[in-house]
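Okay, final15.txt now, which holds compact mmCIF, C-alpha atoms and all ligand atoms:
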# COMPACT_ATOMS: atom_id res chain seq x y z
CA ALA I 1 12.69 -34.26 -15.79
CA ALA I 2 13.31 -30.91 -17.48
CA PRO I 3 15.79 -30.86 -20.37
CA ALA I 4 19.34 -30.08 -19.28
CA GLU I 5 19.35 -26.59 -20.89
CA THR I 6 16.43 -25.37 -18.79
CA THR I 7 17.65 -26.69 -15.46
CA PRO I 8 19.72 -24.17 -13.57
CA PHE I 9 23.47 -24.57 -14.02
CA ARG I 10 22.93 -27.07 -16.84
CA GLY I 11 22.02 -29.97 -14.66
CA LEU I 12 25.10 -29.78 -12.45
CA PRO I 13 24.48 -31.00 -8.91
CA ILE I 14 24.16 -27.47 -7.52
CA ARG I 15 22.94 -27.28 -3.93
CA PRO I 16 19.14 -26.79 -4.23
CA GLU I 17 19.17 -23.59 -2.17
CA LEU I 18 21.63 -22.05 -4.68
CA ALA I 19 19.81 -23.11 -7.84
CA HIS I 20 18.00 -19.80 -8.35
CA GLU I 21 20.57 -17.47 -6.78
CA GLN I 22 22.40 -14.67 -8.57
CA PRO I 23 25.93 -13.54 -7.67
CA TYR I 24 25.82 -10.58 -5.26
CA GLY I 25 26.91 -7.16 -6.44
CA ALA I 26 25.86 -3.67 -7.48
CA PRO I 27 26.06 -2.81 -11.18
CA GLN I 28 29.63 -1.74 -12.12
CA LEU I 29 28.81 0.92 -14.74
CA ASP I 30 31.17 3.31 -16.46
CA VAL I 31 29.70 6.62 -15.27
CA PRO I 32 31.47 9.93 -14.44
CA VAL I 33 30.23 10.18 -10.83
CA LEU I 34 30.24 6.90 -8.89
CA LEU I 35 28.39 7.25 -5.59
CA ASN I 36 26.92 3.76 -5.35
CA VAL I 37 29.10 1.45 -3.26
CA ASN I 38 30.32 3.64 -0.37
CA GLU I 39 33.89 3.76 -1.61
CA ASN I 40 36.28 6.47 -0.53
CA PRO I 41 36.27 8.91 -3.48
CA TYR I 42 39.94 9.81 -3.09
CA ALA I 43 42.48 7.69 -4.98
CA PRO I 44 45.67 6.98 -3.01
CA ALA I 45 47.97 10.01 -2.86
CA PRO I 46 51.35 9.81 -4.67
CA GLU I 47 53.19 9.23 -1.33
CA VAL I 48 50.88 6.31 -0.50
CA ILE I 49 51.33 4.85 -3.99
CA ALA I 50 55.10 5.13 -3.60
CA THR I 51 55.12 3.33 -0.23
CA ILE I 52 52.83 0.60 -1.57
CA ALA I 53 55.01 0.12 -4.66
CA ARG I 54 58.16 -0.13 -2.53
CA GLU I 55 56.65 -2.60 -0.06
CA VAL I 56 55.13 -4.75 -2.81
CA ALA I 57 58.51 -4.84 -4.60
CA ALA I 58 60.12 -6.04 -1.36
CA ALA I 59 57.42 -8.71 -0.94
CA ALA I 60 57.89 -9.80 -4.58
CA ALA I 61 61.44 -10.91 -3.77
CA SER I 62 60.06 -13.87 -1.79
CA LEU I 63 56.84 -14.68 -3.63
CA ASN I 64 58.15 -18.20 -4.28
CA ARG I 65 57.45 -18.78 -0.56
CA TYR I 66 54.03 -18.93 1.10
CA PRO I 67 53.27 -15.79 3.12
CA ASP I 68 53.36 -15.50 6.92
CA ARG I 69 50.24 -17.53 7.69
CA ASP I 70 49.60 -15.61 10.88
CA PHE I 71 50.47 -12.20 9.38
CA ALA I 72 52.20 -11.22 12.64
CA ALA I 73 53.56 -7.88 11.45
CA LEU I 74 50.21 -6.79 10.04
CA ARG I 75 48.37 -7.84 13.21
CA ASP I 76 50.82 -5.80 15.25
CA GLU I 77 50.22 -2.72 13.15
CA LEU I 78 46.44 -3.17 13.01
CA ALA I 79 46.36 -3.54 16.82
CA ASP I 80 48.41 -0.39 17.11
CA TYR I 81 46.08 1.55 14.80
CA LEU I 82 42.93 0.30 16.50
CA ALA I 83 44.31 1.20 19.94
CA LEU I 84 45.06 4.69 18.71
CA GLU I 85 41.71 5.14 16.95
CA SER I 86 39.55 3.78 19.76
CA GLY I 87 41.65 4.72 22.80
CA VAL I 88 41.47 1.10 23.98
CA PRO I 89 44.67 -0.93 24.51
CA MET I 90 44.89 -3.78 21.97
CA GLU I 91 47.07 -6.90 21.76
CA PRO I 92 48.07 -8.37 18.36
CA PHE I 93 46.56 -11.74 19.39
CA SER I 94 43.21 -9.95 19.67
CA VAL I 95 43.28 -9.05 16.00
CA TRP I 96 42.28 -11.14 12.99
CA ALA I 97 42.29 -10.18 9.31
CA ALA I 98 41.10 -11.51 5.97
CA ASN I 99 40.29 -10.47 2.42
CA GLY I 100 37.76 -7.80 3.32
CA SER I 101 35.55 -7.74 6.39
CA ASN I 102 33.17 -9.86 4.31
CA GLU I 103 35.62 -12.74 4.62
CA VAL I 104 36.20 -11.98 8.31
CA MET I 105 32.48 -12.32 8.96
CA LEU I 106 32.27 -15.46 6.83
CA HIS I 107 34.97 -16.90 9.13
CA VAL I 108 32.76 -16.01 12.12
CA LEU I 109 29.79 -17.83 10.57
CA GLN I 110 31.99 -20.80 9.61
CA ALA I 111 33.18 -21.10 13.19
CA PHE I 112 30.01 -20.26 15.12
CA GLY I 113 27.11 -20.87 12.72
CA GLY I 114 26.31 -24.07 10.84
CA PRO I 115 23.49 -26.59 10.41
CA GLY I 116 20.86 -26.38 13.14
CA ARG I 117 22.11 -22.97 14.20
CA THR I 118 20.72 -19.48 13.70
CA ALA I 119 22.16 -16.07 12.83
CA LEU I 120 20.09 -13.04 13.80
CA SER I 121 20.24 -9.45 12.60
CA PHE I 122 18.06 -6.34 12.51
CA ALA I 123 16.62 -5.26 9.15
CA PRO I 124 17.05 -3.23 7.09
CA THR I 125 20.75 -4.04 7.21
CA TYR I 126 23.72 -5.12 5.09
CA SER I 127 22.50 -7.43 2.35
CA MET I 128 25.54 -9.75 2.44
CA TYR I 129 24.65 -11.10 5.91
CA PRO I 130 22.04 -13.59 4.64
CA GLU I 131 24.62 -14.83 2.13
CA TYR I 132 27.15 -15.66 4.86
CA ALA I 133 24.34 -17.59 6.56
CA ARG I 134 23.29 -19.38 3.37
CA ASP I 135 26.85 -20.34 2.51
CA THR I 136 27.45 -21.82 5.97
CA HIS I 137 24.07 -23.61 6.20
CA THR I 138 23.06 -21.34 9.06
CA ARG I 139 19.38 -20.41 9.52
CA TRP I 140 18.88 -16.68 8.90
CA VAL I 141 16.36 -14.60 10.85
CA THR I 142 15.79 -10.85 11.18
CA ALA I 143 13.98 -8.67 13.64
CA ARG I 144 12.88 -5.18 12.57
CA ARG I 145 14.59 -1.90 13.22
CA GLU I 146 12.42 1.02 14.38
CA ASP I 147 11.19 3.88 12.14
CA ASP I 148 14.38 5.85 12.87
CA PHE I 149 16.36 2.67 11.98
CA GLY I 150 17.52 2.22 15.56
CA VAL I 151 17.21 -1.09 17.44
CA ASP I 152 14.84 -1.29 20.41
CA PRO I 153 16.73 -3.10 23.20
CA ALA I 154 13.62 -4.79 24.66
CA LYS I 155 12.47 -6.07 21.26
CA ALA I 156 16.01 -7.22 20.51
CA ALA I 157 16.10 -9.17 23.78
CA ALA I 158 12.75 -10.77 22.92
CA ALA I 159 14.02 -11.78 19.46
CA ILE I 160 17.17 -13.30 21.00
CA ALA I 161 15.11 -15.26 23.54
CA GLU I 162 12.77 -16.46 20.77
CA HIS I 163 15.34 -17.46 18.13
CA ARG I 164 18.29 -18.42 20.37
CA PRO I 165 20.90 -17.45 17.74
CA SER I 166 24.53 -18.52 17.98
CA VAL I 167 25.60 -15.41 16.02
CA ILE I 168 24.12 -11.89 16.17
CA LEU I 169 25.19 -9.41 13.49
CA LEU I 170 24.88 -5.71 14.36
CA ALA I 171 26.07 -3.21 11.78
CA SER I 172 26.94 0.09 13.45
CA PRO I 173 27.00 2.41 11.57
CA ASN I 174 24.44 0.37 9.68
CA ASN I 175 24.31 -0.06 5.92
CA PRO I 176 22.11 1.08 4.14
CA THR I 177 20.72 3.44 6.78
CA GLY I 178 23.93 5.08 8.10
CA THR I 179 22.68 4.97 11.70
CA ALA I 180 24.97 4.01 14.57
CA LEU I 181 23.79 2.16 17.67
CA PRO I 182 24.39 3.66 21.11
CA LEU I 183 26.75 1.49 23.18
CA SER I 184 23.91 0.98 25.66
CA THR I 185 21.99 -0.92 22.93
CA VAL I 186 25.00 -3.10 22.11
CA GLU I 187 25.39 -3.82 25.85
CA ALA I 188 21.69 -4.66 26.18
CA ILE I 189 22.07 -7.15 23.31
CA LEU I 190 25.18 -8.67 24.91
CA ASP I 191 23.23 -8.99 28.18
CA ALA I 192 20.28 -10.60 26.39
CA ALA I 193 22.62 -13.10 24.69
CA SER I 194 24.08 -14.05 28.09
CA ALA I 195 20.67 -14.22 29.76
CA THR I 196 19.30 -16.51 27.03
CA ASP I 197 22.21 -18.92 27.15
CA PRO I 198 24.52 -18.23 30.12
CA ALA I 199 26.84 -21.18 29.36
CA THR I 200 27.40 -20.42 25.64
CA PRO I 201 26.05 -16.97 24.79
CA ALA I 202 25.79 -16.01 21.11
CA VAL I 203 28.78 -14.40 19.45
CA VAL I 204 27.81 -10.75 18.97
CA VAL I 205 29.48 -9.15 15.95
CA VAL I 206 29.45 -5.37 15.80
CA ASP I 207 30.25 -4.60 12.17
CA GLU I 208 32.06 -1.25 12.28
CA ALA I 209 33.00 -1.05 8.59
CA TYR I 210 32.19 2.67 8.70
CA ALA I 211 33.34 3.39 12.26
CA GLU I 212 35.91 6.06 11.37
CA PHE I 213 33.13 8.19 9.90
CA ARG I 214 31.05 8.26 13.09
CA ARG I 215 30.16 11.61 14.63
CA ALA I 216 31.72 12.81 17.89
CA GLY I 217 30.14 11.19 20.92
CA THR I 218 29.44 7.83 19.26
CA PRO I 219 31.98 5.48 20.87
CA SER I 220 33.21 2.29 19.22
CA ALA I 221 32.18 -1.10 20.61
CA VAL I 222 35.92 -1.84 20.91
CA SER I 223 35.63 -0.36 24.42
CA LEU I 224 33.38 -3.31 25.43
CA LEU I 225 35.79 -6.07 24.37
CA ALA I 226 37.57 -6.53 27.69
CA ARG I 227 34.30 -7.36 29.48
CA HIS I 228 32.71 -9.55 26.81
CA PRO I 229 34.43 -12.77 25.65
CA ASN I 230 31.64 -13.31 23.07
CA LEU I 231 32.01 -9.92 21.38
CA ALA I 232 33.77 -9.34 18.04
CA VAL I 233 34.17 -5.94 16.39
CA THR I 234 34.88 -5.98 12.65
CA ARG I 235 36.51 -3.19 10.71
CA THR I 236 37.75 -2.68 7.16
CA MET I 237 40.44 -0.83 5.24
CA SER I 238 38.00 -0.50 2.30
CA LYS I 239 36.40 2.75 3.43
CA ALA I 240 38.42 5.04 5.72
CA PHE I 241 41.76 3.81 4.33
CA ALA I 242 40.56 4.18 0.73
CA LEU I 243 41.76 0.64 0.02
CA ALA I 244 38.70 -1.22 -1.24
CA GLY I 245 40.71 -2.69 -4.12
CA ALA I 246 43.24 -4.31 -1.79
CA ARG I 247 40.60 -6.36 0.11
CA VAL I 248 41.65 -6.05 3.75
CA GLY I 249 39.21 -6.37 6.63
CA TYR I 250 39.92 -7.18 10.26
CA LEU I 251 38.36 -7.95 13.59
CA ALA I 252 39.11 -7.38 17.25
CA ALA I 253 38.03 -9.85 19.94
CA GLN I 254 39.49 -11.70 22.88
CA PRO I 255 42.21 -14.14 21.73
CA HIS I 256 40.15 -17.32 22.30
CA LEU I 257 37.56 -16.07 19.78
CA VAL I 258 40.33 -15.33 17.29
CA ASP I 259 41.66 -18.87 17.85
CA ALA I 260 38.33 -20.26 16.62
CA LEU I 261 38.63 -18.26 13.40
CA ARG I 262 42.14 -19.63 12.84
CA VAL I 263 40.61 -23.11 12.69
CA VAL I 264 38.34 -22.31 9.72
CA ARG I 265 40.54 -20.02 7.61
CA LEU I 266 42.22 -21.44 4.53
CA PRO I 267 45.97 -21.73 4.95
CA TYR I 268 47.77 -18.59 3.73
CA HIS I 269 44.47 -16.82 3.06
CA LEU I 270 46.09 -13.38 3.23
CA SER I 271 48.63 -13.04 0.42
CA ALA I 272 52.06 -11.52 0.96
CA VAL I 273 51.08 -8.78 -1.48
CA THR I 274 47.92 -7.99 0.48
CA GLN I 275 49.86 -7.88 3.74
CA ALA I 276 52.44 -5.55 2.23
CA VAL I 277 49.81 -3.20 0.79
CA ALA I 278 47.90 -3.01 4.07
CA ARG I 279 51.04 -2.27 6.08
CA ALA I 280 52.09 0.41 3.62
CA ALA I 281 48.70 2.16 3.85
CA LEU I 282 48.70 1.97 7.66
CA ARG I 283 51.90 4.00 7.67
CA HIS I 284 50.00 6.87 6.11
CA ARG I 285 47.18 6.75 8.61
CA ASP I 286 47.51 10.37 9.73
CA ALA I 287 46.97 11.75 6.24
CA LEU I 288 44.20 9.25 5.55
CA MET I 289 42.41 10.16 8.79
CA ALA I 290 42.56 13.85 7.84
CA GLN I 291 40.78 12.88 4.62
CA VAL I 292 38.13 11.00 6.63
CA SER I 293 37.55 14.14 8.64
CA SER I 294 36.88 16.16 5.50
CA LEU I 295 34.52 13.44 4.21
CA ARG I 296 32.62 13.67 7.51
CA GLY I 297 32.19 17.40 6.92
CA GLU I 298 30.95 16.74 3.37
CA ARG I 299 28.55 14.13 4.73
CA ASP I 300 27.07 16.52 7.29
CA GLY I 301 26.70 19.14 4.57
CA LEU I 302 24.92 16.65 2.30
CA VAL I 303 22.52 15.61 5.08
CA ALA I 304 21.72 19.25 5.86
CA TRP I 305 21.15 20.08 2.17
CA LEU I 306 18.94 17.04 1.57
CA ARG I 307 16.83 17.99 4.59
CA GLU I 308 16.04 21.33 2.90
CA GLN I 309 14.79 19.68 -0.30
CA ARG I 310 11.28 18.67 -1.30
CA GLY I 311 10.39 15.61 -3.32
CA PRO I 312 8.34 15.57 -6.54
CA GLY I 313 5.13 15.47 -4.47
CA GLY I 314 6.11 18.63 -2.55
CA ALA I 315 6.79 16.92 0.79
CA PRO I 316 10.15 17.57 2.47
CA LEU I 317 12.63 14.74 1.95
CA ARG I 318 13.29 12.37 4.82
CA VAL I 319 16.97 11.86 5.55
CA ALA I 320 18.34 9.27 7.98
CA ASP I 321 20.96 10.41 10.49
CA SER I 322 24.33 9.29 9.17
CA ASP I 323 27.49 8.22 10.99
CA ALA I 324 28.85 6.72 7.76
CA ASN I 325 30.17 7.89 4.39
CA PHE I 326 26.74 7.65 2.75
CA VAL I 327 23.26 9.02 3.26
CA LEU I 328 19.85 7.31 2.96
CA PHE I 329 17.15 9.65 1.75
CA GLY I 330 13.61 9.53 0.38
CA THR I 331 10.93 8.71 0.22
CA PHE I 332 9.91 8.65 -3.42
CA ALA I 333 6.73 7.20 -4.90
CA ASP I 334 8.92 6.01 -7.80
CA ARG I 335 12.47 5.73 -6.54
CA HIS I 336 13.59 3.96 -9.68
CA ALA I 337 12.65 7.04 -11.74
CA VAL I 338 14.84 9.19 -9.48
CA TRP I 339 17.72 6.68 -9.66
CA GLN I 340 17.43 6.51 -13.47
CA GLY I 341 17.16 10.31 -13.77
CA LEU I 342 20.40 10.69 -11.79
CA LEU I 343 22.09 8.07 -13.96
CA ASP I 344 21.00 10.01 -17.06
CA HIS I 345 22.87 12.97 -15.49
CA GLY I 346 25.98 10.78 -15.10
CA VAL I 347 25.53 10.14 -11.38
CA LEU I 348 25.26 6.53 -10.20
CA ILE I 349 23.76 6.00 -6.73
CA ARG I 350 22.22 2.87 -5.17
CA GLU I 351 18.63 1.78 -5.33
CA THR I 352 18.58 0.00 -2.00
CA GLY I 353 17.02 0.11 1.43
CA PRO I 354 13.35 0.14 2.39
CA ASP I 355 10.73 0.98 -0.27
CA GLY I 356 11.02 4.50 -1.59
CA TRP I 357 14.49 5.25 -0.20
CA LEU I 358 17.76 5.75 -2.08
CA ARG I 359 21.36 5.70 -0.85
CA VAL I 360 24.10 8.05 -1.99
CA SER I 361 27.77 7.73 -1.04
CA VAL I 362 29.69 10.85 -0.06
CA GLY I 363 32.05 11.88 -2.87
CA THR I 364 34.51 14.70 -3.37
CA PRO I 365 33.07 18.23 -3.00
CA GLU I 366 32.83 18.42 -6.82
CA GLU I 367 31.03 15.07 -7.08
CA ASN I 368 28.63 16.05 -4.30
CA ALA I 369 27.87 19.32 -6.10
CA THR I 370 27.16 17.40 -9.32
CA PHE I 371 24.84 15.09 -7.36
CA ARG I 372 23.00 18.03 -5.78
CA ASP I 373 22.48 19.76 -9.14
CA ALA I 374 21.37 16.52 -10.78
CA LEU I 375 18.91 15.70 -7.99
CA THR I 376 17.43 19.20 -8.17
CA ASP I 377 16.88 18.74 -11.94
CA VAL I 378 15.47 15.24 -11.59
CA ILE I 379 12.97 16.24 -8.88
CA GLN I 380 11.94 19.25 -10.96
CA ALA I 381 11.38 17.06 -14.01
CA LEU I 382 9.26 14.61 -11.99
CA THR I 383 7.16 17.32 -10.31
N1 LIG F 401 29.99 -4.37 6.37
C1 LIG F 401 29.23 -3.41 5.85
C2 LIG F 401 28.15 -2.84 6.69
C3 LIG F 401 29.47 -2.96 4.54
O1 LIG F 401 28.69 -2.02 4.02
C4 LIG F 401 30.52 -3.54 3.79
C5 LIG F 401 30.85 -3.11 2.38
N2 LIG F 401 29.94 -2.56 1.62
C6 LIG F 401 31.27 -4.55 4.38
C7 LIG F 401 30.98 -4.94 5.67
C8 LIG F 401 32.34 -5.31 3.66
O2 LIG F 401 33.37 -4.57 3.22
P1 LIG F 401 34.78 -5.21 2.87
O3 LIG F 401 34.58 -6.66 2.58
O4 LIG F 401 35.22 -4.43 1.70
O5 LIG F 401 35.62 -4.99 4.09

If you took the structure in this file and wrote it as structure tokens, what would it be?
Amino acid sequence: AAPAETTPFRGLPIRPELAHEQPYGAPQLDVPVLLNVNENPYAPAPEVIATIAREVAAAAASLNRYPDRDFAALRDELADYLALESGVPMEPFSVWAANGSNEVMLHVLQAFGGPGRTALSFAPTYSMYPEYARDTHTRWVTARREDDFGVDPAKAAAAIAEHRPSVILLASPNNPTGTALPLSTVEAILDAASATDPATPAVVVVDEAYAEFRRAGTPSAVSLLARHPNLAVTRTMSKAFALAGARVGYLAAQPHLVDALRVVRLPYHLSAVTQAVARAALRHRDALMAQVSSLRGERDGLVAWLREQRGPGGAPLRVADSDANFVLFGTFADRHAVWQGLLDHGVLIRETGPDGWLRVSVGTPEENATFRDALTDVIQALT
């Protein structure tokens, strides 16, 4: 046997499949322009900070008690917001929340995945999905997205019939590509799940973390909930609500699906402080949605500008359509050189996605201008 120092985790009885794993996460570097993790670039406004401070102070008065385990008030207000945003009526019992939509989706895998079961998604997609599968002992399989990063409904149906998943994860808008799926594709996947296993069709999760940034004419999958008992739509307050630090994600589904998630959650998983912060931010939704609208405009401007640029080899850049608050662009023979060049200019973006592509989050107009100038310089230097 190897000496203790050279065995992973110093000989502790780590699960074998974890022995060579690294904790997930992008580098957290101290750089002037942070455009690497799709955060909202705007810090909470003074009015939002004041409401949060007041609500947290009120919650502090009873922190000796466990919080409302079922977060009834927050569910009410999330249902209200989602109904308003999507135009679809929503009951509080149809809403679930946790510490980020990451935890919401982990709950889904805990309830509907597990040993002997399979989770299916369409790559390239959000890199945390395989970790939810790993951590719940669920087999992980992917089918490919097309060249435009869309999902072909017939190929999706074939993959569902072949792998017979119990959970299907569909990010729309997708990370890292930014592309949203037409509702007809989501419906085709729901139909394929039902056709493959009519008695217990797979749970289909549409991960709408970036939904508020979608372009006009791209409806939310929330409108399909009433007809599909196996559909769950996840959302987050991390992006549109500029609340990544508070860790609040949520999900909408029919109440029986939510009941299954209640079985696997830890008791009191959503702290009283978290509930208070989320409710305070929801009260400012009008102002926050106005900010989202300006970020959408910045995003469209960034896509248009990138499409006019040429890479170091002289070929026009390729830029994926984006319904999110980030843009995937490329392709570069040496994407790491471009990423490093930008970092040397004080701009941190993300080296992710298919070979040769890079992802940049939409920042403030000033940050986007700094990014554009830096990219122009870097491409020039590499030409
Ligand atoms: N889904 C997608 C597609 C994401 O990109 C992210 C965050 N990067 C999440 C879910 C999770 O976000 P959170 O846990 O902050 O809600």

Neighbours of I:Asp355 within 12 Å (only C-alpha atoms; same-chain residues fewer than 5 positions away dropped), as a PyMOL selection string? chain I and resi 124+328-336

Residues near stretch 13-28 of chain I, anyone? I mean within 8 Å using all atoms listed in the file, not counting same-chain ones fewer than 2 positions away, as a VMD selection string. chain I and resid 8 to 9 11 30 36 to 37 128 350

Deliver the residues from the most recent selection as a file, using C-alpha atoms, as a PDB file, in the coordinates of the input.
ATOM      1  CA  PRO I   8      19.720 -24.170 -13.570  1.00  0.00           C
ATOM      2  CA  PHE I   9      23.470 -24.570 -14.020  1.00  0.00           C
ATOM      3  CA  GLY I  11      22.020 -29.970 -14.660  1.00  0.00           C
ATOM      4  CA  ASP I  30      31.170   3.310 -16.460  1.00  0.00           C
ATOM      5  CA  ASN I  36      26.920   3.760  -5.350  1.00  0.00           C
ATOM      6  CA  VAL I  37      29.100   1.450  -3.260  1.00  0.00           C
ATOM      7  CA  MET I 128      25.540  -9.750   2.440  1.00  0.00           C
ATOM      8  CA  ARG I 350      22.220   2.870  -5.170  1.00  0.00           C
TER       9      ARG I 350
END

List the spatial neighbours of stretch 46-54 of chain I as a PDB file with C-alpha atoms, in the coordinates of the input - criterion: any atom at most 7 Å away, only C-alpha atoms, same-chain residues fewer than 5 positions off excluded.
ATOM      1  CA  VAL I 277      49.810  -3.200   0.790  1.00  0.00           C
ATOM      2  CA  ALA I 280      52.090   0.410   3.620  1.00  0.00           C
ATOM      3  CA  ALA I 281      48.700   2.160   3.850  1.00  0.00           C
ATOM      4  CA  HIS I 284      50.000   6.870   6.110  1.00  0.00           C
TER       5      HIS I 284
END

Distance filter 9 Å around ligand LIG 401 (chain F), atoms: all atoms listed in the file, out as a PyMOL selection string: chain I and resi 37-39+98-105+125-129+170-176+207-210+234-239+243-250

Residue nearest I:Val273 among I:Ser184, I:Thr218, I:Ser62, I:Asn40 (counting all atoms listed in the file):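 With all atoms listed in the file as the atom set, the closest residue is I:Ser62.
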
For atom CA of I:Ile189 and atom CA of I:Phe149, the interatomic separation in Å (one decimal): 16.0 Å

Env of I:Gly297: 12 Å cut, atoms = all atoms listed in the file, seq-sep filter 3 positions within chain, self excluded. Answer as a VMD selection string. chain I and resid 213 to 216 290 to 294 300 to 304 322 to 326 362 to 365 368

Distance query I:Val186 at most 12 Å, all atoms listed in the file, self and fewer than 5 positions along chain excluded, as a PyMOL selection string: chain I and resi 150-154+156-157+168-172+180-181+191-193+204-207+219-225+228+231-233

How many Å separate atom CA of I:Glu131 from atom CA of I:Thr200?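 Result for atom CA of I:Glu131 versus atom CA of I:Thr200: 24.3 Å, one decimal.
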
So, with all atoms listed in the file as the atoms that count, which of I:Ala143, I:Val167, I:Ala123, I:Ile379 lies closest to I:Ala315?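 Answer, going by the shortest atom-to-atom distance: I:Ile379.
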
For I:Thr376, which of I:Glu91, I:Glu308, I:Asp80, I:Glu55 is the closest residue, counting only C-alpha atoms?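 Once distances to I:Thr376 are computed over only C-alpha atoms, the minimum belongs to I:Glu308.
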
Selected residue, from I:Arg227, I:Gln254, I:Asp197, I:Phe241, that lies nearest to I:Arg283 when counting only C-alpha atoms: I:Phe241

Which residue, I:Val338, I:Leu106, I:Val95, I:Leu29, has the smallest gap to I:Gly311 when you use all atoms listed in the file?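 Answer, going by the shortest atom-to-atom distance: I:Val338.
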
Just the number, please: distance in Å from atom CA of I:Arg69 to atom CA of I:Ala97, one decimal.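 So the two atoms, atom CA of I:Arg69 and atom CA of I:Ala97, lie 10.9 Å apart.
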